[in-house]
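> One structure is given below, represented as structure tokens, and several questions about it will come after.
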Amino acid sequence: MFEAVEELLVEHADLETRLADPSVHADQANARKLAKRYAELTPITRVYRAWKQAGEDIEAARELAAEEPEFLAEVKDSEARREELTEELRLLLVPRDPNDDKDVILEIKAGEGGEESALFAGDLLRMYLRFAERIGWKTEIIDANESDLGGYKDVSVAVKTKGNSEPGQGVWAKLKYEGGVHRVQRVPATESQGRIHTSAAGVLVTPEAEEVEVEIVANDLRIDVYRSSGPGGQSVNTTDSAVRITHLPTGIVASCQNEKSQLQNKEQAMRILRSRLLAAAQEEAEREASDARRSQVRTVDRSERIRTYNYPENRISDHRTGFKSYNLDQVLDGELNAVIQSCVDTDAAAKLAAAQQN
């Protein structure tokens, strides 16, 4: 492990020299690539230097303790510190998800439960919008299909950073664990007897793809236009401005009706389609790589129930990590950090265990 770190330190120093050269920044794309790699290696460099310093502190304390026993406590403290740094270094060396710095398209779809499920989909949307607001991310609702009571049958929202994020702090790095079936237990607004019902909504999270990442052949697309509609199916537009795009080779469909013009709706639908095609290609690669499958916390097909929101007990439970807390009201107001961190920690532990076996 430590031989590999020494090589990374050499690479880090080389990148620092290259980034200090003004001529490198003439090519902005290359400069961003170098800066991103430099940012990835900086924490490893910092922790490794602290690890080496802790080793030197241990040796110095042992020499002193040989003559003065009271320094034995300092030896133990330095040894404990070095063990912590060793573990931190191991985690930093676990291969990172190449999509971690990407923005995402997050889709929420009502499931079983009818109108109650649509209302819960609306609650989930607000939760994610509030979470993004707390972090400082930008959000943009791309497409939405509202229900009669103000919920959502389905809604798509783009979530973006406002600048370069720290390694592991990007939108995908945090929200990739949200994909799956979210179950709610509560008394629905439509329930007159006060009985607790269980319903669910599905969340799909895909990294937003750049045009260069996914090659789409125009002849592979079927583009249909239709009249957009509002809650209850009533028409809200007198022109055929809504757009549905079908990628014929895969059968993947994306649609949008939120914008006023057909062209705008087509552009938004293409954004969703690119992201879905990229996700499909990556999932196929994951299925072919068993080690990648083992390291995933979230389910690939997103059919697994991942979380339960229990209103009567004010409880939220994540079934993948065992996380449980009784502050559901705060979580629904966007305080998702603790829930997501449990997924990050579980994922990192699984990847570390897999790396140690190899």
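How things are named: the first chain in the structure tokens is A, the next is B, and so on; residues count from 1 in each chain; ligands count from 1 in the order shown.
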Leaving out stretch 261-271 of chain A and any residue of its chain fewer than 5 positions from it, which residues lie within 6 Å of it when counting only C-alpha atoms, given as a ChimeraX atom specification?
/A:241,243,254-256
> Save out the residues we just selected, C-alpha atoms, as a PDB file, in the first residue's frame.

```pdb
ATOM      1  CA  SER A 241     -45.717  21.092 -27.519  1.00  0.00           C
ATOM      2  CA  VAL A 243     -42.320  15.727 -26.582  1.00  0.00           C
ATOM      3  CA  ALA A 254     -37.854  10.195 -22.049  1.00  0.00           C
ATOM      4  CA  SER A 255     -40.543  12.849 -22.199  1.00  0.00           C
ATOM      5  CA  CYS A 256     -41.098  16.462 -21.203  1.00  0.00           C
TER       6      CYS A 256
END
```
> Which polymer residues have any atom within 8 Å of an atom of A:Pro312, counting only C-alpha atoms, with same-chain residues fewer than 3 positions away left out, as a list in words?
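Residues near the query, excluding close chain neighbours: Gln185, Arg186 and Arg315 of chain A.
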> If you run DSSP over the backbone, which residues in stretch 71-274 of chain A end up strand (DSSP E or B)? Put them as a PyMOL selection string.
chain A and resi 104-110+138-146+152-160+180-186+197-207+221-226+229+235+242-247+252-256
> Residues at most 7 Å from A:Val159, counting only C-alpha atoms, excluding those fewer than 6 positions away in the same chain, as a list in words?
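Close residues of A:Val159: Asp103, Val104, Ile105, Trp137, Lys138, Thr139 and Glu140 of chain A.
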> Point out the residue among A:Leu273, A:Gly180, A:Glu208, A:Arg244 with the least atom-to-atom distance to A:Asp224, counting only C-alpha atoms.
A:Arg244
> If you take only C-alpha atoms and a cut-off of 8 Å, which residues of stretch 87-182 of chain A touch stretch 188-200 of chain A, and what are their nearest atom pairs and distances in Å to one decimal, in chain and number order, as CSV?

```
residue,atom,partner,partner_atom,distance
A:Ala110,CA,A:Ala200,CA,6.9
A:Gly111,CA,A:Ala200,CA,5.4
A:Glu112,CA,A:Ser199,CA,5.6
A:Gly113,CA,A:Ser199,CA,4.8
A:Glu116,CA,A:Pro188,CA,6.0
A:Ser117,CA,A:Ser199,CA,5.7
A:Phe120,CA,A:Ala200,CA,7.6
A:Val181,CA,A:Ala200,CA,6.6
A:His182,CA,A:Ala200,CA,5.5
```
